[in-house]
>>> print(open('data_28.cif').read())   # mmCIF, C-alpha atoms
data_upload
#
loop_
_atom_site.label_atom_id
_atom_site.label_comp_id
_atom_site.auth_asym_id
_atom_site.auth_seq_id
_atom_site.Cartn_x
_atom_site.Cartn_y
_atom_site.Cartn_z
CA MET Q 1 -5.71 103.67 86.29
CA GLN Q 2 -8.89 104.71 88.09
CA THR Q 3 -9.32 108.39 88.94
CA THR Q 4 -11.93 109.77 91.28
CA SER Q 5 -12.61 113.49 91.69
CA ILE Q 6 -13.10 114.37 95.30
CA LYS Q 7 -14.90 117.06 97.19
CA LEU Q 8 -12.25 118.57 99.39
CA TYR Q 9 -12.81 120.21 102.70
CA ALA Q 10 -10.25 122.80 103.71
CA LEU Q 11 -11.39 123.00 107.30
CA ASN Q 12 -9.93 125.78 109.45
CA PHE Q 13 -8.80 125.75 113.05
CA SER Q 14 -11.65 128.18 113.86
CA GLN Q 15 -14.32 125.63 112.83
CA ALA Q 16 -15.71 123.14 115.34
CA LYS Q 17 -16.07 120.59 112.52
CA THR Q 18 -12.25 120.51 112.22
CA TYR Q 19 -11.92 119.20 115.76
CA VAL Q 20 -14.85 116.77 115.52
CA VAL Q 21 -13.44 115.21 112.35
CA ALA Q 22 -9.91 115.17 113.79
CA VAL Q 23 -11.14 113.41 116.96
CA LEU Q 24 -12.75 110.69 114.83
CA PHE Q 25 -9.51 110.10 112.92
CA ILE Q 26 -7.48 110.21 116.14
CA LEU Q 27 -9.77 107.54 117.60
CA GLY Q 28 -9.16 105.46 114.46
CA ASN Q 29 -5.42 105.95 114.91
CA ILE Q 30 -5.76 104.73 118.49
CA ALA Q 31 -7.92 101.68 117.75
CA LEU Q 32 -6.14 100.44 114.59
CA PRO Q 33 -2.66 100.19 116.18
CA GLN Q 34 -4.14 98.30 119.13
CA LEU Q 35 -5.61 95.75 116.73
CA CYS Q 36 -2.39 95.53 114.73
CA HIS Q 37 -0.29 95.02 117.87
CA LEU Q 38 -2.17 91.78 118.47
CA VAL Q 39 -0.02 90.38 115.64
CA PRO Q 40 3.70 89.94 116.42
CA GLN Q 41 5.51 93.01 115.02
CA GLY Q 42 2.13 94.17 113.67
CA GLY Q 43 2.93 97.81 114.29
CA MET Q 44 6.24 97.66 112.45
CA ILE Q 45 4.77 95.69 109.56
CA LEU Q 46 1.39 97.41 109.09
CA LEU Q 47 2.37 100.99 110.14
CA PRO Q 48 -1.15 101.63 111.48
CA ILE Q 49 -0.44 104.97 113.19
CA TYR Q 50 -0.32 106.68 109.80
CA PHE Q 51 -3.50 105.28 108.22
CA PHE Q 52 -6.13 107.73 109.43
CA THR Q 53 -3.71 110.64 109.25
CA LEU Q 54 -3.44 110.02 105.50
CA ILE Q 55 -7.20 109.82 105.05
CA GLY Q 56 -7.97 112.80 107.27
CA ALA Q 57 -5.42 115.07 105.58
CA TYR Q 58 -6.31 113.98 102.06
CA LYS Q 59 -10.07 114.33 102.45
CA TYR Q 60 -10.42 117.11 105.03
CA GLY Q 61 -7.25 119.15 104.61
CA TRP Q 62 -3.86 119.54 106.18
CA LYS Q 63 -5.22 121.07 109.40
CA VAL Q 64 -7.29 117.99 110.26
CA GLY Q 65 -4.31 115.91 109.16
CA LEU Q 66 -1.91 117.85 111.34
CA LEU Q 67 -4.09 117.52 114.43
CA THR Q 68 -4.38 113.79 113.76
CA ALA Q 69 -0.66 113.46 112.98
CA VAL Q 70 0.50 115.05 116.21
CA LEU Q 71 -2.13 113.93 118.68
CA SER Q 72 -2.45 110.27 117.62
CA PRO Q 73 1.13 109.19 118.42
CA VAL Q 74 1.25 111.29 121.60
CA ILE Q 75 -2.04 109.91 122.94
CA ASN Q 76 -1.07 106.35 121.99
CA HIS Q 77 2.26 106.81 123.76
CA LEU Q 78 0.63 108.22 126.91
CA LEU Q 79 -2.09 105.53 127.04
CA PHE Q 80 -0.22 102.45 125.88
CA GLY Q 81 3.50 103.25 125.79
CA MET Q 82 3.49 102.71 122.03
CA PRO Q 83 5.14 104.13 120.12
CA ALA Q 84 8.08 103.94 122.47
CA ALA Q 85 9.62 107.24 123.57
CA ALA Q 86 12.78 106.50 121.57
CA VAL Q 87 10.86 106.50 118.27
CA LEU Q 88 8.22 109.10 119.11
CA ALA Q 89 10.10 112.03 117.51
CA PRO Q 90 10.67 110.27 114.15
CA ILE Q 91 7.04 109.11 114.09
CA LEU Q 92 5.82 112.64 114.82
CA VAL Q 93 7.99 114.00 112.01
CA LYS Q 94 6.81 111.33 109.57
CA SER Q 95 3.19 111.91 110.56
CA THR Q 96 3.55 115.66 110.12
CA ILE Q 97 5.18 115.28 106.71
CA LEU Q 98 2.40 112.84 105.78
CA ALA Q 99 -0.34 115.29 106.80
CA LEU Q 100 1.20 118.24 104.98
CA THR Q 101 2.00 116.25 101.86
CA ALA Q 102 -1.44 114.60 101.68
CA GLY Q 103 -3.18 117.93 102.17
CA TYR Q 104 -1.04 119.57 99.49
CA ILE Q 105 -1.43 116.77 96.92
CA ALA Q 106 -5.20 116.58 97.44
CA THR Q 107 -5.57 120.35 97.04
CA ARG Q 108 -3.20 120.52 94.08
CA TYR Q 109 -4.79 117.71 92.06
CA SER Q 110 -8.38 117.62 93.40
CA LYS Q 111 -8.61 113.90 92.79
CA VAL Q 112 -7.61 110.66 94.41
CA THR Q 113 -5.62 108.00 92.57
CA ILE Q 114 -3.45 105.11 93.61
CA ALA Q 115 -0.47 106.92 92.06
CA LEU Q 116 -1.07 110.13 94.03
CA LEU Q 117 -1.42 108.21 97.29
CA ALA Q 118 1.79 106.34 96.46
CA VAL Q 119 3.54 109.70 95.99
CA VAL Q 120 2.26 110.84 99.39
CA VAL Q 121 3.39 107.65 101.13
CA LEU Q 122 6.81 107.58 99.47
CA THR Q 123 7.35 111.28 100.21
CA TYR Q 124 6.71 110.97 103.93
CA GLN Q 125 8.66 107.71 104.15
CA ILE Q 126 11.73 109.05 102.36
CA ALA Q 127 11.76 112.48 104.04
CA GLY Q 128 10.88 110.96 107.41
CA GLY Q 129 13.49 108.25 106.95
CA LEU Q 130 16.15 110.91 106.33
CA PHE Q 131 15.08 112.65 109.54
CA GLU Q 132 15.14 109.35 111.43
CA TRP Q 133 18.65 108.63 110.15
CA ALA Q 134 19.83 112.07 111.29
CA TRP Q 135 18.00 111.73 114.63
CA THR Q 136 19.18 108.22 115.51
CA GLY Q 137 22.39 108.03 113.52
CA SER Q 138 21.22 104.61 112.35
CA LEU Q 139 20.61 103.90 108.70
CA THR Q 140 19.12 100.55 109.74
CA ALA Q 141 16.48 102.31 111.87
CA ALA Q 142 15.77 104.76 109.06
CA LEU Q 143 15.22 101.95 106.56
CA GLN Q 144 13.12 99.77 108.89
CA ASP Q 145 9.81 100.83 107.32
CA PHE Q 146 11.17 99.85 103.90
CA ARG Q 147 12.44 96.52 105.27
CA LEU Q 148 9.41 95.54 107.34
CA GLY Q 149 6.63 97.97 106.49
CA LEU Q 150 5.96 97.43 102.80
CA ALA Q 151 2.65 95.77 103.67
CA GLY Q 152 1.75 98.81 105.76
CA MET Q 153 2.62 101.17 102.94
CA ALA Q 154 0.47 99.10 100.59
CA LEU Q 155 -2.35 99.20 103.15
CA GLN Q 156 -2.07 102.98 103.29
CA ILE Q 157 -2.12 103.34 99.51
CA PHE Q 158 -4.82 100.82 98.60
CA GLY Q 159 -6.78 100.90 101.85
CA GLY Q 160 -6.57 104.69 101.94
CA TYR Q 161 -7.84 104.86 98.37
CA ALA Q 162 -10.79 102.59 99.20
CA PHE Q 163 -11.60 104.50 102.39
CA ILE Q 164 -11.46 107.90 100.67
CA LYS Q 165 -13.71 106.58 97.89
CA TYR Q 166 -16.11 105.34 100.58
CA LEU Q 167 -16.14 108.80 102.20
CA ILE Q 168 -16.84 110.38 98.83
CA ARG Q 169 -20.00 108.30 98.45
CA LYS Q 170 -21.26 109.17 101.96
#
>>> encode(input="data_28.cif", output="structure tokens")
Amino acid sequence: MQTTSIKLYALNFSQAKTYVVAVLFILGNIALPQLCHLVPQGGMILLPIYFFTLIGAYKYGWKVGLLTAVLSPVINHLLFGMPAAAVLAPILVKSTILALTAGYIATRYSKVTIALLAVVVLTYQIAGGLFEWAWTGSLTAALQDFRLGLAGMALQIFGGYAFIKYLIRK
């Protein structure tokens, strides 16, 4: 298994760079879902709203991740009505768990691997799925990402790994 050490940035809320980097990832989280929604059920299959949250939190710290996690779904909802209001709370919880978990794992291990990204993705999906089950009362809704979104989870793991490696080289 390939391991890459990474230079981590633990950006703070008092730094302008935190907000500049977060805005770039938020823009990515706005554009990518729009592209994915061109495919029938593309959002549910590819889970694009989480992609840049994972990268931002893993590479630049949980604060950039948290800004991206909260603002991306809210801005997408306000601009495009997606995600729908009924699923906005579970998506916000999943995104927040993703940002905090990615930031923690990156800081704890100071490297990026496929296995570590898989741990991050499974953690937010399982914990977020439990929240979604409690929130909606529907086990079917809670398991939807595992039924339809395996390709999206794979995209996050493998695409996230490739994107983080790309950022390392730049």
>>> closest_residue(input="data_28.cif", among="Q:Leu11, Q:Ala118, Q:Leu24, Q:Val39", to="Tyr60 in chain Q", atoms="all atoms listed in the file")
Q:Leu11
>>> closest_residue(input="data_28.cif", among="Q:Val87, Q:Leu98, Q:Ile168, Q:Leu148", to="Ile126 in chain Q", atoms="all atoms listed in the file")
Q:Leu98
>>> closest_residue(input="data_28.cif", among="Q:Val21, Q:Gln34, Q:Tyr161, Q:Gly152", to="Leu46 in chain Q", atoms="only C-alpha atoms")
Q:Gly152
>>> resolve_selection(input="data_28.cif", expression="the PyMOL selection byres ((chain Q and resi 28) around 10)", output="PyMOL selection string")
chain Q and resi 22-27+29-34+48-49+51-53+68+72
>>> atom_distance(input="data_28.cif", atom1="CA of Lys7 in chain Q", atom2="CA of Thr96 in chain Q")
22.6 Å
>>> residues_around(input="data_28.cif", residues="Leu143 in chain Q", least_positions_apart="2", cutoff="10 Å", atoms="only C-alpha atoms", output="list in words")
Gln125, Ile126, Gly129, Leu130, Glu132, Trp133, Ser138, Leu139, Thr140, Ala141, Asp145, Phe146, Arg147, Leu148 and Gly149 of chain Q
>>> resolve_selection(input="data_28.cif", expression="the PyMOL selection byres ((chain Q and resi 90) around 10)", output="number ranges by chain")
Q: 85-89, 91-96, 128-136, 142
>>> residues_around(input="data_28.cif", residues="Tyr104 in chain Q", least_positions_apart="2", cutoff="9 Å", atoms="all atoms listed in the file", output="list in words")
Ala57, Tyr58, Gly61, Trp62, Ala99, Leu100, Thr101, Ala102, Ala106, Thr107, Arg108 and Tyr109 of chain Q
>>> atom_distance(input="data_28.cif", atom1="CA of Thr18 in chain Q", atom2="CA of Val64 in chain Q")
5.9 Å
>>> atom_distance(input="data_28.cif", atom1="CA of Phe158 in chain Q", atom2="CA of Thr113 in chain Q")
9.4 Å
>>> residues_around(input="data_28.cif", residues="Ile55 in chain Q", least_positions_apart="5", cutoff="8 Å", atoms="all atoms listed in the file", output="CSV table (one decimal) with C-alpha atoms, in the frame of the given file")
chain,number,residue,atom,x,y,z
Q,60,TYR,CA,-10.4,117.1,105.0
Q,65,GLY,CA,-4.3,115.9,109.2
Q,160,GLY,CA,-6.6,104.7,101.9
Q,163,PHE,CA,-11.6,104.5,102.4
Q,164,ILE,CA,-11.5,107.9,100.7
>>> decode(input="data_28.cif", residues="range 18-120 of chain Q", atoms="C-alpha atoms", output="PDB file, in the first residue's frame")
ATOM      1  CA  THR Q  18      -8.333  29.866   6.108  1.00  0.00           C
ATOM      2  CA  TYR Q  19     -11.211  31.671   4.429  1.00  0.00           C
ATOM      3  CA  VAL Q  20      -9.549  31.897   1.007  1.00  0.00           C
ATOM      4  CA  VAL Q  21      -8.849  28.154   0.979  1.00  0.00           C
ATOM      5  CA  ALA Q  22     -12.329  27.370   2.332  1.00  0.00           C
ATOM      6  CA  VAL Q  23     -13.958  29.493  -0.402  1.00  0.00           C
ATOM      7  CA  LEU Q  24     -12.062  27.540  -3.065  1.00  0.00           C
ATOM      8  CA  PHE Q  25     -13.270  24.217  -1.650  1.00  0.00           C
ATOM      9  CA  ILE Q  26     -16.810  25.558  -1.239  1.00  0.00           C
ATOM     10  CA  LEU Q  27     -16.771  26.580  -4.910  1.00  0.00           C
ATOM     11  CA  GLY Q  28     -15.649  23.041  -5.764  1.00  0.00           C
ATOM     12  CA  ASN Q  29     -18.492  21.663  -3.664  1.00  0.00           C
ATOM     13  CA  ILE Q  30     -20.904  23.883  -5.581  1.00  0.00           C
ATOM     14  CA  ALA Q  31     -19.610  23.060  -9.074  1.00  0.00           C
ATOM     15  CA  LEU Q  32     -19.100  19.292  -8.662  1.00  0.00           C
ATOM     16  CA  PRO Q  33     -22.683  18.539  -7.534  1.00  0.00           C
ATOM     17  CA  GLN Q  34     -24.031  20.582 -10.457  1.00  0.00           C
ATOM     18  CA  LEU Q  35     -22.015  18.427 -12.852  1.00  0.00           C
ATOM     19  CA  CYS Q  36     -23.057  15.219 -11.109  1.00  0.00           C
ATOM     20  CA  HIS Q  37     -26.739  16.188 -11.174  1.00  0.00           C
ATOM     21  CA  LEU Q  38     -26.581  16.112 -14.966  1.00  0.00           C
ATOM     22  CA  VAL Q  39     -26.589  12.312 -14.578  1.00  0.00           C
ATOM     23  CA  PRO Q  40     -29.860  10.763 -13.338  1.00  0.00           C
ATOM     24  CA  GLN Q  41     -29.483  10.213  -9.571  1.00  0.00           C
ATOM     25  CA  GLY Q  42     -25.912  11.500  -9.910  1.00  0.00           C
ATOM     26  CA  GLY Q  43     -26.009  13.204  -6.540  1.00  0.00           C
ATOM     27  CA  MET Q  44     -27.192  10.094  -4.722  1.00  0.00           C
ATOM     28  CA  ILE Q  45     -24.720   7.851  -6.532  1.00  0.00           C
ATOM     29  CA  LEU Q  46     -21.587  10.040  -6.565  1.00  0.00           C
ATOM     30  CA  LEU Q  47     -22.108  11.929  -3.245  1.00  0.00           C
ATOM     31  CA  PRO Q  48     -20.322  15.006  -4.640  1.00  0.00           C
ATOM     32  CA  ILE Q  49     -21.152  17.403  -1.790  1.00  0.00           C
ATOM     33  CA  TYR Q  50     -18.586  15.659   0.420  1.00  0.00           C
ATOM     34  CA  PHE Q  51     -15.622  15.509  -1.970  1.00  0.00           C
ATOM     35  CA  PHE Q  52     -13.951  18.861  -1.368  1.00  0.00           C
ATOM     36  CA  THR Q  53     -14.855  18.811   2.314  1.00  0.00           C
ATOM     37  CA  LEU Q  54     -12.729  15.671   2.660  1.00  0.00           C
ATOM     38  CA  ILE Q  55      -9.802  17.191   0.790  1.00  0.00           C
ATOM     39  CA  GLY Q  56      -9.992  20.552   2.536  1.00  0.00           C
ATOM     40  CA  ALA Q  57     -10.151  19.051   6.020  1.00  0.00           C
ATOM     41  CA  TYR Q  58      -7.462  16.459   5.373  1.00  0.00           C
ATOM     42  CA  LYS Q  59      -4.953  18.839   3.809  1.00  0.00           C
ATOM     43  CA  TYR Q  60      -5.724  22.157   5.508  1.00  0.00           C
ATOM     44  CA  GLY Q  61      -7.227  21.148   8.845  1.00  0.00           C
ATOM     45  CA  TRP Q  62     -10.572  20.720  10.477  1.00  0.00           C
ATOM     46  CA  LYS Q  63     -11.356  24.453  10.492  1.00  0.00           C
ATOM     47  CA  VAL Q  64     -11.189  24.738   6.703  1.00  0.00           C
ATOM     48  CA  GLY Q  65     -13.089  21.458   6.553  1.00  0.00           C
ATOM     49  CA  LEU Q  66     -15.772  22.690   8.924  1.00  0.00           C
ATOM     50  CA  LEU Q  67     -16.326  25.907   6.981  1.00  0.00           C
ATOM     51  CA  THR Q  68     -16.586  23.868   3.779  1.00  0.00           C
ATOM     52  CA  ALA Q  69     -18.804  21.233   5.422  1.00  0.00           C
ATOM     53  CA  VAL Q  70     -21.372  23.703   6.688  1.00  0.00           C
ATOM     54  CA  LEU Q  71     -21.396  26.344   3.983  1.00  0.00           C
ATOM     55  CA  SER Q  72     -21.352  24.063   0.908  1.00  0.00           C
ATOM     56  CA  PRO Q  73     -24.693  22.317   1.525  1.00  0.00           C
ATOM     57  CA  VAL Q  74     -26.364  25.521   2.737  1.00  0.00           C
ATOM     58  CA  ILE Q  75     -25.230  27.561  -0.271  1.00  0.00           C
ATOM     59  CA  ASN Q  76     -26.160  24.740  -2.673  1.00  0.00           C
ATOM     60  CA  HIS Q  77     -29.584  24.521  -1.051  1.00  0.00           C
ATOM     61  CA  LEU Q  78     -30.148  28.290  -1.251  1.00  0.00           C
ATOM     62  CA  LEU Q  79     -28.952  28.559  -4.868  1.00  0.00           C
ATOM     63  CA  PHE Q  80     -30.261  25.348  -6.388  1.00  0.00           C
ATOM     64  CA  GLY Q  81     -32.667  23.739  -3.915  1.00  0.00           C
ATOM     65  CA  MET Q  82     -30.310  20.766  -3.628  1.00  0.00           C
ATOM     66  CA  PRO Q  83     -29.889  19.174  -1.250  1.00  0.00           C
ATOM     67  CA  ALA Q  84     -33.580  19.284  -0.485  1.00  0.00           C
ATOM     68  CA  ALA Q  85     -34.607  20.790   2.852  1.00  0.00           C
ATOM     69  CA  ALA Q  86     -35.726  17.370   4.129  1.00  0.00           C
ATOM     70  CA  VAL Q  87     -32.185  15.970   3.876  1.00  0.00           C
ATOM     71  CA  LEU Q  88     -30.227  19.123   4.680  1.00  0.00           C
ATOM     72  CA  ALA Q  89     -29.801  18.330   8.401  1.00  0.00           C
ATOM     73  CA  PRO Q  90     -28.423  14.796   7.843  1.00  0.00           C
ATOM     74  CA  ILE Q  91     -26.075  16.090   5.133  1.00  0.00           C
ATOM     75  CA  LEU Q  92     -24.832  18.858   7.429  1.00  0.00           C
ATOM     76  CA  VAL Q  93     -24.206  16.326  10.197  1.00  0.00           C
ATOM     77  CA  LYS Q  94     -22.407  13.943   7.835  1.00  0.00           C
ATOM     78  CA  SER Q  95     -20.332  16.794   6.413  1.00  0.00           C
ATOM     79  CA  THR Q  96     -19.388  17.995   9.888  1.00  0.00           C
ATOM     80  CA  ILE Q  97     -18.403  14.504  11.017  1.00  0.00           C
ATOM     81  CA  LEU Q  98     -16.398  14.149   7.796  1.00  0.00           C
ATOM     82  CA  ALA Q  99     -14.521  17.415   8.381  1.00  0.00           C
ATOM     83  CA  LEU Q 100     -13.715  16.653  12.008  1.00  0.00           C
ATOM     84  CA  THR Q 101     -12.711  13.061  11.311  1.00  0.00           C
ATOM     85  CA  ALA Q 102     -10.534  13.952   8.303  1.00  0.00           C
ATOM     86  CA  GLY Q 103      -8.814  16.722  10.229  1.00  0.00           C
ATOM     87  CA  TYR Q 104      -8.178  14.428  13.184  1.00  0.00           C
ATOM     88  CA  ILE Q 105      -6.889  11.487  11.112  1.00  0.00           C
ATOM     89  CA  ALA Q 106      -4.581  13.716   9.062  1.00  0.00           C
ATOM     90  CA  THR Q 107      -3.153  15.338  12.194  1.00  0.00           C
ATOM     91  CA  ARG Q 108      -2.852  12.040  14.060  1.00  0.00           C
ATOM     92  CA  TYR Q 109      -1.065  10.114  11.307  1.00  0.00           C
ATOM     93  CA  SER Q 110       0.592  12.903   9.249  1.00  0.00           C
ATOM     94  CA  LYS Q 111       0.252  10.875   6.076  1.00  0.00           C
ATOM     95  CA  VAL Q 112      -2.307  10.060   3.447  1.00  0.00           C
ATOM     96  CA  THR Q 113      -3.159   6.488   2.491  1.00  0.00           C
ATOM     97  CA  ILE Q 114      -6.085   4.800   0.834  1.00  0.00           C
ATOM     98  CA  ALA Q 115      -6.751   2.971   4.112  1.00  0.00           C
ATOM     99  CA  LEU Q 116      -6.849   6.174   6.180  1.00  0.00           C
ATOM    100  CA  LEU Q 117      -9.203   7.843   3.715  1.00  0.00           C
ATOM    101  CA  ALA Q 118     -11.401   4.736   3.813  1.00  0.00           C
ATOM    102  CA  VAL Q 119     -11.530   5.024   7.615  1.00  0.00           C
ATOM    103  CA  VAL Q 120     -12.579   8.674   7.302  1.00  0.00           C
TER     104      VAL Q 120
END
